[in-house]
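Notes follow the structure.
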Amino acid sequence: MARSPKTDDRPRELLLLKLLPNLVSILALCAGLTAIRYAIAGDYGLAVLLIGTAAALDGLDGRLARMLKSESAIGAELDSLCDNVNFGVVPAIVLYLWGLRTETSLGWIAVLVYATCCMLRLARFNVGSRAVGDVAEKTVFIGVPSPAGAMLVLSPMYLSFIPASGLTIPPVLIAGWMVGIGALMISRVRTPSLKRITVSTDYVRYVLVGGVAVVAALLTYPWVTLLTLSMTYFAGIVWLALGSLRKPAV
(Lines give C-alpha, C1' and ligand atoms only; values in the text may rest on other atoms or scores of the structure.)
Protein backbone atom coordinates (compact mmCIF):
# COMPACT_ATOMS: atom_id res chain seq x y z
CA MET A 1 0.00 0.00 0.00
CA ALA A 2 1.18 3.46 -0.86
CA ARG A 3 1.67 5.74 2.08
CA SER A 4 -0.31 8.96 2.18
CA PRO A 5 1.90 12.03 2.29
CA LYS A 6 2.47 13.35 5.76
CA THR A 7 0.79 16.60 6.59
CA ASP A 8 2.89 19.23 8.28
CA ASP A 9 1.00 20.25 11.42
CA ARG A 10 3.67 22.62 12.63
CA PRO A 11 2.49 26.24 12.98
CA ARG A 12 3.70 28.67 10.36
CA GLU A 13 6.57 30.87 11.51
CA LEU A 14 6.65 34.60 10.96
CA LEU A 15 9.54 36.99 11.34
CA LEU A 16 8.93 39.14 14.41
CA LEU A 17 10.07 42.20 12.46
CA LYS A 18 7.09 41.81 10.09
CA LEU A 19 4.73 42.49 13.00
CA LEU A 20 6.23 45.97 13.45
CA PRO A 21 3.65 47.78 11.21
CA ASN A 22 0.76 46.25 13.18
CA LEU A 23 2.46 47.20 16.42
CA VAL A 24 2.77 50.81 15.20
CA SER A 25 -0.98 50.84 14.39
CA ILE A 26 -1.77 49.61 17.90
CA LEU A 27 0.56 52.21 19.43
CA ALA A 28 -1.31 54.88 17.45
CA LEU A 29 -4.60 53.57 18.87
CA CYS A 30 -3.17 53.72 22.39
CA ALA A 31 -2.03 57.31 21.83
CA GLY A 32 -5.47 58.32 20.57
CA LEU A 33 -7.36 56.70 23.43
CA THR A 34 -4.95 58.20 25.98
CA ALA A 35 -5.81 61.63 24.55
CA ILE A 36 -9.35 61.13 25.88
CA ARG A 37 -7.96 60.41 29.34
CA TYR A 38 -5.98 63.66 29.42
CA ALA A 39 -8.90 65.63 28.00
CA ILE A 40 -11.09 64.36 30.84
CA ALA A 41 -8.37 65.48 33.26
CA GLY A 42 -8.36 68.94 31.62
CA ASP A 43 -4.91 68.69 29.99
CA TYR A 44 -6.11 69.57 26.51
CA GLY A 45 -2.69 70.53 25.17
CA LEU A 46 -1.33 67.06 25.84
CA ALA A 47 -4.51 65.54 24.36
CA VAL A 48 -3.90 67.39 21.09
CA LEU A 49 -0.25 66.32 21.14
CA LEU A 50 -1.30 62.66 21.48
CA ILE A 51 -3.70 62.96 18.54
CA GLY A 52 -0.84 64.42 16.50
CA THR A 53 1.35 61.50 17.61
CA ALA A 54 -1.33 59.09 16.42
CA ALA A 55 -1.40 60.88 13.05
CA ALA A 56 2.40 60.62 12.74
CA LEU A 57 2.31 56.90 13.58
CA ASP A 58 -0.50 56.39 11.07
CA GLY A 59 1.73 57.79 8.34
CA LEU A 60 4.48 55.41 9.40
CA ASP A 61 2.77 52.02 9.60
CA GLY A 62 1.90 51.70 5.90
CA ARG A 63 5.38 52.71 4.82
CA LEU A 64 6.89 50.19 7.21
CA ALA A 65 4.62 47.45 5.84
CA ARG A 66 5.70 48.20 2.26
CA MET A 67 9.37 48.44 3.23
CA LEU A 68 9.28 45.12 5.13
CA LYS A 69 7.03 43.48 2.49
CA SER A 70 4.57 42.56 5.25
CA GLU A 71 1.39 44.05 3.79
CA SER A 72 -1.67 41.97 4.64
CA ALA A 73 -5.46 42.17 4.63
CA ILE A 74 -5.61 42.09 8.42
CA GLY A 75 -3.04 44.89 8.63
CA ALA A 76 -5.13 47.07 6.32
CA GLU A 77 -8.27 46.43 8.38
CA LEU A 78 -6.42 47.10 11.62
CA ASP A 79 -5.12 50.39 10.25
CA SER A 80 -8.62 51.46 9.14
CA LEU A 81 -10.23 50.57 12.48
CA CYS A 82 -7.53 52.47 14.39
CA ASP A 83 -8.02 55.48 12.10
CA ASN A 84 -11.75 55.50 12.80
CA VAL A 85 -11.08 55.73 16.54
CA ASN A 86 -8.07 58.08 16.42
CA PHE A 87 -9.36 60.58 13.87
CA GLY A 88 -13.12 60.18 14.12
CA VAL A 89 -14.08 59.42 17.72
CA VAL A 90 -11.17 60.86 19.71
CA PRO A 91 -11.00 64.42 18.22
CA ALA A 92 -14.77 64.74 18.46
CA ILE A 93 -14.81 63.78 22.14
CA VAL A 94 -11.80 65.98 22.96
CA LEU A 95 -13.49 68.96 21.29
CA TYR A 96 -16.73 68.19 23.12
CA LEU A 97 -14.99 68.10 26.51
CA TRP A 98 -13.05 71.26 25.70
CA GLY A 99 -15.62 73.61 24.24
CA LEU A 100 -19.06 72.05 23.82
CA ARG A 101 -20.12 70.96 27.29
CA THR A 102 -22.08 74.18 27.82
CA GLU A 103 -24.17 73.27 24.75
CA THR A 104 -24.60 69.58 25.47
CA SER A 105 -27.31 68.75 22.92
CA LEU A 106 -25.87 70.82 20.05
CA GLY A 107 -22.34 69.70 20.86
CA TRP A 108 -23.24 66.02 20.94
CA ILE A 109 -25.05 66.30 17.61
CA ALA A 110 -21.82 67.76 16.13
CA VAL A 111 -19.83 64.90 17.68
CA LEU A 112 -22.13 62.29 16.13
CA VAL A 113 -22.11 63.96 12.70
CA TYR A 114 -18.31 64.33 12.59
CA ALA A 115 -17.62 60.77 13.81
CA THR A 116 -20.11 59.33 11.31
CA CYS A 117 -18.58 61.31 8.44
CA CYS A 118 -15.12 60.00 9.35
CA MET A 119 -16.41 56.43 9.35
CA LEU A 120 -18.05 56.93 5.93
CA ARG A 121 -14.86 58.53 4.56
CA LEU A 122 -12.78 55.54 5.63
CA ALA A 123 -15.34 53.07 4.25
CA ARG A 124 -15.30 54.83 0.88
CA PHE A 125 -11.51 54.84 0.80
CA ASN A 126 -11.34 51.13 1.64
CA VAL A 127 -13.79 50.24 -1.12
CA GLY A 128 -11.99 52.49 -3.64
CA SER A 129 -8.57 51.04 -2.80
CA ARG A 130 -9.86 47.56 -3.67
CA ALA A 131 -11.51 48.63 -6.93
CA VAL A 132 -9.62 47.79 -10.11
CA GLY A 133 -8.51 50.82 -12.09
CA ASP A 134 -9.49 53.41 -9.46
CA VAL A 135 -6.46 55.70 -9.27
CA ALA A 136 -8.09 58.93 -8.13
CA GLU A 137 -6.96 58.61 -4.51
CA LYS A 138 -3.40 57.77 -5.58
CA THR A 139 -2.86 61.19 -7.18
CA VAL A 140 -5.18 63.39 -5.11
CA PHE A 141 -7.57 62.52 -2.31
CA ILE A 142 -11.32 62.64 -2.83
CA GLY A 143 -12.53 64.42 0.27
CA VAL A 144 -10.36 65.32 3.25
CA PRO A 145 -8.54 62.19 4.55
CA SER A 146 -9.24 61.28 8.16
CA PRO A 147 -5.85 62.27 9.72
CA ALA A 148 -5.97 65.68 8.00
CA GLY A 149 -9.62 66.05 9.03
CA ALA A 150 -8.68 65.42 12.66
CA MET A 151 -5.95 68.06 12.60
CA LEU A 152 -8.26 70.53 10.83
CA VAL A 153 -11.18 70.01 13.19
CA LEU A 154 -8.94 70.82 16.18
CA SER A 155 -8.11 74.29 14.76
CA PRO A 156 -10.37 76.14 17.26
CA MET A 157 -8.24 74.68 20.03
CA TYR A 158 -5.00 75.84 18.37
CA LEU A 159 -6.44 79.34 18.04
CA SER A 160 -7.60 79.43 21.63
CA PHE A 161 -4.27 78.14 22.98
CA ILE A 162 -2.22 80.92 21.35
CA PRO A 163 -1.20 83.05 24.37
CA ALA A 164 -1.70 86.40 22.65
CA SER A 165 -5.13 85.60 21.21
CA GLY A 166 -7.19 85.47 24.41
CA LEU A 167 -10.13 84.24 22.34
CA THR A 168 -13.16 82.42 23.66
CA ILE A 169 -14.83 80.70 20.73
CA PRO A 170 -18.62 80.28 21.01
CA PRO A 171 -19.75 76.64 21.14
CA VAL A 172 -22.08 77.23 18.17
CA LEU A 173 -19.08 78.10 15.96
CA ILE A 174 -17.13 75.06 17.20
CA ALA A 175 -20.08 72.77 16.45
CA GLY A 176 -20.51 74.35 13.00
CA TRP A 177 -16.79 73.90 12.25
CA MET A 178 -16.99 70.22 13.24
CA VAL A 179 -19.96 69.60 10.96
CA GLY A 180 -18.26 71.51 8.12
CA ILE A 181 -15.06 69.46 8.34
CA GLY A 182 -17.14 66.29 8.50
CA ALA A 183 -18.93 67.37 5.32
CA LEU A 184 -15.57 67.97 3.61
CA MET A 185 -14.45 64.46 4.54
CA ILE A 186 -17.38 62.80 2.72
CA SER A 187 -17.49 65.33 -0.13
CA ARG A 188 -16.22 64.76 -3.68
CA VAL A 189 -13.86 67.73 -3.36
CA ARG A 190 -10.30 66.92 -4.42
CA THR A 191 -7.73 67.59 -1.73
CA PRO A 192 -3.90 67.67 -1.87
CA SER A 193 -1.97 64.42 -1.55
CA LEU A 194 1.42 65.27 -0.07
CA LYS A 195 2.91 61.90 -0.97
CA ARG A 196 2.54 62.73 -4.67
CA ILE A 197 4.25 66.14 -4.54
CA THR A 198 7.56 66.14 -6.41
CA VAL A 199 10.46 68.54 -6.15
CA SER A 200 13.41 69.24 -8.42
CA THR A 201 16.72 67.83 -7.22
CA ASP A 202 18.13 71.36 -7.36
CA TYR A 203 15.76 72.40 -4.56
CA VAL A 204 16.03 69.36 -2.29
CA ARG A 205 18.38 71.16 0.10
CA TYR A 206 15.90 74.00 0.52
CA VAL A 207 13.09 71.55 1.22
CA LEU A 208 15.18 69.85 3.89
CA VAL A 209 16.00 73.18 5.53
CA GLY A 210 12.30 74.10 5.36
CA GLY A 211 11.42 70.82 7.07
CA VAL A 212 13.86 71.57 9.88
CA ALA A 213 12.35 75.06 10.21
CA VAL A 214 8.82 73.60 10.51
CA VAL A 215 9.92 71.12 13.20
CA ALA A 216 11.70 73.90 15.10
CA ALA A 217 8.60 76.08 14.85
CA LEU A 218 6.42 73.22 16.13
CA LEU A 219 8.68 72.82 19.15
CA THR A 220 8.92 76.56 19.84
CA TYR A 221 5.49 77.90 18.82
CA PRO A 222 3.32 74.77 18.58
CA TRP A 223 -0.14 76.35 18.42
CA VAL A 224 0.75 79.10 15.95
CA THR A 225 2.52 76.55 13.74
CA LEU A 226 -0.33 74.01 13.87
CA LEU A 227 -2.87 76.71 13.07
CA THR A 228 -0.73 78.00 10.17
CA LEU A 229 -0.26 74.48 8.74
CA SER A 230 -3.98 73.74 9.07
CA MET A 231 -5.03 76.97 7.38
CA THR A 232 -2.45 76.45 4.62
CA TYR A 233 -3.88 72.99 3.98
CA PHE A 234 -7.41 74.40 4.04
CA ALA A 235 -6.36 77.05 1.51
CA GLY A 236 -5.01 74.24 -0.71
CA ILE A 237 -8.43 72.56 -0.60
CA VAL A 238 -10.15 75.80 -1.61
CA TRP A 239 -7.61 76.33 -4.42
CA LEU A 240 -8.21 72.87 -5.87
CA ALA A 241 -11.97 73.31 -5.56
CA LEU A 242 -11.86 76.63 -7.41
CA GLY A 243 -9.58 75.12 -10.05
CA SER A 244 -12.05 72.32 -10.73
CA LEU A 245 -14.86 74.87 -11.08
CA ARG A 246 -12.84 76.87 -13.63
CA LYS A 247 -12.28 73.82 -15.85
CA PRO A 248 -14.60 73.86 -18.86
CA ALA A 249 -17.12 71.04 -19.02
CA VAL A 250 -16.25 68.39 -21.64
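In the C-alpha coordinates, chains take the letters A, B, ... in the order shown, each chain's residues start at 1, and ligands count up from 1 in the order shown.
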Please identify every residue of range 82-113 of chain A that has at least one atom no farther than 12 Å from an atom of range 150-156 of chain A, counting only C-alpha atoms, and for each give the shortest atom pair and the distance in Å to one decimal, arranged by chain then increasing number, as JSON lines.
```
{"residue": "A:Asp83", "atom": "CA", "partner": "A:Ala150", "partner_atom": "CA", "distance": 10.0}
{"residue": "A:Asn84", "atom": "CA", "partner": "A:Ala150", "partner_atom": "CA", "distance": 10.4}
{"residue": "A:Val85", "atom": "CA", "partner": "A:Ala150", "partner_atom": "CA", "distance": 10.7}
{"residue": "A:Asn86", "atom": "CA", "partner": "A:Ala150", "partner_atom": "CA", "distance": 8.3}
{"residue": "A:Phe87", "atom": "CA", "partner": "A:Ala150", "partner_atom": "CA", "distance": 5.0}
{"residue": "A:Gly88", "atom": "CA", "partner": "A:Ala150", "partner_atom": "CA", "distance": 7.0}
{"residue": "A:Val89", "atom": "CA", "partner": "A:Ala150", "partner_atom": "CA", "distance": 9.5}
{"residue": "A:Val90", "atom": "CA", "partner": "A:Ala150", "partner_atom": "CA", "distance": 8.8}
{"residue": "A:Pro91", "atom": "CA", "partner": "A:Ala150", "partner_atom": "CA", "distance": 6.1}
{"residue": "A:Ala92", "atom": "CA", "partner": "A:Val153", "partner_atom": "CA", "distance": 8.3}
{"residue": "A:Ile93", "atom": "CA", "partner": "A:Leu154", "partner_atom": "CA", "distance": 10.9}
{"residue": "A:Val94", "atom": "CA", "partner": "A:Leu154", "partner_atom": "CA", "distance": 8.8}
{"residue": "A:Leu95", "atom": "CA", "partner": "A:Leu154", "partner_atom": "CA", "distance": 7.1}
{"residue": "A:Tyr96", "atom": "CA", "partner": "A:Leu154", "partner_atom": "CA", "distance": 10.8}
{"residue": "A:Trp98", "atom": "CA", "partner": "A:Pro156", "partner_atom": "CA", "distance": 10.1}
{"residue": "A:Gly99", "atom": "CA", "partner": "A:Pro156", "partner_atom": "CA", "distance": 9.1}
{"residue": "A:Leu100", "atom": "CA", "partner": "A:Pro156", "partner_atom": "CA", "distance": 11.6}
{"residue": "A:Ala110", "atom": "CA", "partner": "A:Val153", "partner_atom": "CA", "distance": 11.3}
{"residue": "A:Val111", "atom": "CA", "partner": "A:Val153", "partner_atom": "CA", "distance": 11.0}
```
Residue selection dump (all heavy atoms) as a short mmCIF file (atom, residue, chain, number, x, y, z; two decimals), in the first residue's frame:
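Everything below was put into out.cif:
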```cif
data_model
loop_
_atom_site.label_atom_id
_atom_site.label_comp_id
_atom_site.auth_asym_id
_atom_site.auth_seq_id
_atom_site.Cartn_x
_atom_site.Cartn_y
_atom_site.Cartn_z
N ASP A 83 -7.77 54.13 12.62
CA ASP A 83 -8.02 55.48 12.10
C ASP A 83 -9.40 55.98 12.48
O ASP A 83 -9.59 57.16 12.79
CB ASP A 83 -7.88 55.49 10.57
CG ASP A 83 -6.44 55.41 10.13
OD1 ASP A 83 -5.54 55.44 10.99
OD2 ASP A 83 -6.20 55.30 8.90
N ASN A 84 -10.40 55.10 12.46
CA ASN A 84 -11.75 55.50 12.80
C ASN A 84 -11.82 55.98 14.25
O ASN A 84 -12.52 56.96 14.56
CB ASN A 84 -12.71 54.33 12.59
CG ASN A 84 -14.16 54.74 12.77
OD1 ASN A 84 -14.56 55.83 12.37
ND2 ASN A 84 -14.95 53.90 13.38
N VAL A 85 -11.09 55.31 15.13
CA VAL A 85 -11.08 55.73 16.54
C VAL A 85 -10.25 57.00 16.71
O VAL A 85 -10.70 57.98 17.30
CB VAL A 85 -10.52 54.60 17.43
CG1 VAL A 85 -10.38 55.08 18.88
CG2 VAL A 85 -11.44 53.38 17.37
N ASN A 86 -9.01 56.98 16.17
CA ASN A 86 -8.07 58.08 16.42
C ASN A 86 -8.49 59.39 15.80
O ASN A 86 -8.25 60.46 16.38
CB ASN A 86 -6.68 57.70 15.90
CG ASN A 86 -6.03 56.63 16.73
OD1 ASN A 86 -6.34 56.45 17.89
ND2 ASN A 86 -5.12 55.88 16.13
N PHE A 87 -9.09 59.35 14.61
CA PHE A 87 -9.36 60.58 13.87
C PHE A 87 -10.85 60.87 13.71
O PHE A 87 -11.21 61.93 13.18
CB PHE A 87 -8.69 60.50 12.49
CG PHE A 87 -7.25 60.09 12.57
CD1 PHE A 87 -6.74 59.05 11.82
CD2 PHE A 87 -6.39 60.75 13.43
CE1 PHE A 87 -5.42 58.66 11.91
CE2 PHE A 87 -5.06 60.38 13.53
CZ PHE A 87 -4.57 59.32 12.77
N GLY A 88 -11.69 59.94 14.15
CA GLY A 88 -13.12 60.18 14.12
C GLY A 88 -13.68 60.38 15.52
O GLY A 88 -14.25 61.42 15.84
N VAL A 89 -13.49 59.40 16.38
CA VAL A 89 -14.08 59.42 17.72
C VAL A 89 -13.29 60.33 18.66
O VAL A 89 -13.87 61.19 19.34
CB VAL A 89 -14.15 57.98 18.29
CG1 VAL A 89 -14.69 58.00 19.71
CG2 VAL A 89 -15.03 57.10 17.40
N VAL A 90 -11.98 60.16 18.70
CA VAL A 90 -11.17 60.86 19.71
C VAL A 90 -11.21 62.39 19.53
O VAL A 90 -11.50 63.11 20.50
CB VAL A 90 -9.71 60.34 19.70
CG1 VAL A 90 -8.83 61.20 20.61
CG2 VAL A 90 -9.67 58.89 20.16
N PRO A 91 -10.95 62.96 18.33
CA PRO A 91 -11.00 64.42 18.22
C PRO A 91 -12.37 64.99 18.55
O PRO A 91 -12.47 66.06 19.16
CB PRO A 91 -10.63 64.69 16.75
CG PRO A 91 -9.95 63.46 16.28
CD PRO A 91 -10.55 62.34 17.05
N ALA A 92 -13.42 64.26 18.17
CA ALA A 92 -14.77 64.74 18.46
C ALA A 92 -15.02 64.80 19.96
O ALA A 92 -15.58 65.79 20.48
CB ALA A 92 -15.79 63.83 17.78
N ILE A 93 -14.60 63.79 20.69
CA ILE A 93 -14.81 63.78 22.14
C ILE A 93 -13.94 64.82 22.83
O ILE A 93 -14.38 65.52 23.76
CB ILE A 93 -14.53 62.37 22.71
CG1 ILE A 93 -15.62 61.40 22.23
CG2 ILE A 93 -14.47 62.39 24.23
CD1 ILE A 93 -15.43 59.98 22.68
N VAL A 94 -12.69 64.96 22.37
CA VAL A 94 -11.80 65.98 22.96
C VAL A 94 -12.38 67.38 22.75
O VAL A 94 -12.41 68.21 23.69
CB VAL A 94 -10.38 65.87 22.36
CG1 VAL A 94 -9.53 67.07 22.76
CG2 VAL A 94 -9.71 64.58 22.82
N LEU A 95 -12.87 67.66 21.55
CA LEU A 95 -13.49 68.96 21.29
C LEU A 95 -14.75 69.16 22.14
O LEU A 95 -15.01 70.26 22.63
CB LEU A 95 -13.84 69.09 19.81
CG LEU A 95 -12.79 69.72 18.90
CD1 LEU A 95 -13.22 69.62 17.45
CD2 LEU A 95 -12.55 71.17 19.27
N TYR A 96 -15.51 68.10 22.30
CA TYR A 96 -16.73 68.19 23.12
C TYR A 96 -16.37 68.53 24.56
O TYR A 96 -16.98 69.42 25.18
CB TYR A 96 -17.48 66.87 23.05
CG TYR A 96 -18.72 66.83 23.92
CD1 TYR A 96 -19.92 67.39 23.48
CD2 TYR A 96 -18.68 66.25 25.18
CE1 TYR A 96 -21.05 67.37 24.28
CE2 TYR A 96 -19.81 66.23 25.98
CZ TYR A 96 -20.99 66.78 25.53
OH TYR A 96 -22.12 66.76 26.33
N TRP A 98 -13.72 69.97 25.61
CA TRP A 98 -13.05 71.26 25.70
C TRP A 98 -14.01 72.43 25.56
O TRP A 98 -13.99 73.37 26.36
CB TRP A 98 -11.96 71.35 24.64
CG TRP A 98 -11.36 72.73 24.51
CD1 TRP A 98 -10.50 73.33 25.40
CD2 TRP A 98 -11.58 73.66 23.46
NE1 TRP A 98 -10.17 74.59 24.94
CE2 TRP A 98 -10.82 74.80 23.75
CE3 TRP A 98 -12.34 73.63 22.29
CZ2 TRP A 98 -10.80 75.92 22.92
CZ3 TRP A 98 -12.32 74.73 21.45
CH2 TRP A 98 -11.56 75.87 21.77
N GLY A 99 -14.86 72.40 24.54
CA GLY A 99 -15.62 73.61 24.24
C GLY A 99 -17.10 73.45 23.99
O GLY A 99 -17.76 74.44 23.63
N LEU A 100 -17.65 72.25 24.17
CA LEU A 100 -19.06 72.05 23.82
C LEU A 100 -19.92 71.59 24.99
O LEU A 100 -21.10 71.32 24.80
CB LEU A 100 -19.17 71.03 22.67
CG LEU A 100 -18.60 71.49 21.33
CD1 LEU A 100 -18.60 70.34 20.34
CD2 LEU A 100 -19.39 72.66 20.78
N ALA A 110 -23.03 67.52 16.94
CA ALA A 110 -21.82 67.76 16.13
C ALA A 110 -20.85 66.59 16.25
O ALA A 110 -20.23 66.18 15.26
CB ALA A 110 -21.16 69.07 16.55
N VAL A 111 -20.70 66.06 17.46
CA VAL A 111 -19.83 64.90 17.68
C VAL A 111 -20.29 63.72 16.83
O VAL A 111 -19.50 63.06 16.14
CB VAL A 111 -19.79 64.51 19.17
CG1 VAL A 111 -19.16 63.14 19.36
CG2 VAL A 111 -19.02 65.55 19.97
#
```
field: Those in range 96-166 of chain A with helix (DSSP H, G or I) from DSSP, as a PyMOL selection string
entry: chain A and resi 96-130+136-139+146-153+155-161
- prompt: Could you pull out all residues of range 2-243 of chain A with a DSSP call of strand (DSSP E or B) and give them as an NGL selection string?
  reply: :A and (141-142 or 190-191)
So that I have them on file, write out the residues from the current selection with N, CA, C and O atoms, as a PDB file, in the first residue's frame.
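See out10.pdb below for the written result:
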```pdb
ATOM      1  N   PHE A 141      -6.539  63.145  -3.120  1.00  0.00           N
ATOM      2  CA  PHE A 141      -7.567  62.515  -2.308  1.00  0.00           C
ATOM      3  C   PHE A 141      -8.937  63.055  -2.708  1.00  0.00           C
ATOM      4  O   PHE A 141      -9.074  64.219  -3.092  1.00  0.00           O
ATOM      5  N   ILE A 142      -9.943  62.216  -2.618  1.00  0.00           N
ATOM      6  CA  ILE A 142     -11.322  62.638  -2.825  1.00  0.00           C
ATOM      7  C   ILE A 142     -11.928  62.850  -1.450  1.00  0.00           C
ATOM      8  O   ILE A 142     -12.188  61.901  -0.719  1.00  0.00           O
ATOM      9  N   ARG A 190     -11.666  67.455  -4.353  1.00  0.00           N
ATOM     10  CA  ARG A 190     -10.299  66.916  -4.425  1.00  0.00           C
ATOM     11  C   ARG A 190      -9.395  67.701  -3.486  1.00  0.00           C
ATOM     12  O   ARG A 190      -9.422  68.927  -3.458  1.00  0.00           O
ATOM     13  N   THR A 191      -8.613  66.978  -2.722  1.00  0.00           N
ATOM     14  CA  THR A 191      -7.729  67.594  -1.730  1.00  0.00           C
ATOM     15  C   THR A 191      -6.290  67.161  -1.994  1.00  0.00           C
ATOM     16  O   THR A 191      -6.046  66.110  -2.594  1.00  0.00           O
TER      17      THR A 191
END
```
- request: May I ask which of the residues A:Gly176, A:Gly182, A:Gly210, A:Gly143 is the closest one to Val238 in chain A, counting only C-alpha atoms?
  value: A:Gly143
- prompt: Got a sec: who's within 10 Å of Val214 in chain A, counting only C-alpha atoms, leaving out chain neighbours fewer than 5 positions off, as a ChimeraX atom specification?
  reply: /A:208-209,219-222,225-226,229
- prompt: Quick one: residues within 12 Å of range 23-32 of chain A, only C-alpha atoms counted, chain neighbours fewer than 5 positions away excluded, as a PyMOL selection string?
  reply: chain A and resi 16-18+37-39+46-65+74-94+147+150
query: Which polymer residues have any atom within 12 Å of an atom of Ala164 in chain A, counting only C-alpha atoms, with same-chain residues fewer than 6 positions away left out, as a ChimeraX atom specification?
result: /A:158,221,223-224
- prompt: How far is it from CA of Asp43 in chain A to CA of Phe161 in chain A, in Å with one decimal?
  reply: 11.8 Å
A:Ser193, A:Ser187, A:Asn126, A:Thr228 ranked by distance to Leu159 in chain A, top pick (using only C-alpha atoms):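 Checking each candidate against Leu159 in chain A, we get A:Thr228 as the closest.
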query: In terms of the shortest atom-to-atom distance over only C-alpha atoms, which of A:Ala213, A:Ile237, A:Leu167, A:Leu242 is closest to Ala148 in chain A?
result: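 Checking each of A:Ala213, A:Ile237, A:Leu167, A:Leu242 against Ala148 in chain A, counting only C-alpha atoms, the winner is A:Ile237.
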- prompt: Taking only C-alpha atoms into account, which of A:Gly180, A:Pro163, A:Pro21, A:Pro171 comes nearest Trp108 in chain A?
  reply: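 Under the stated criterion, the closest residue is A:Pro171.
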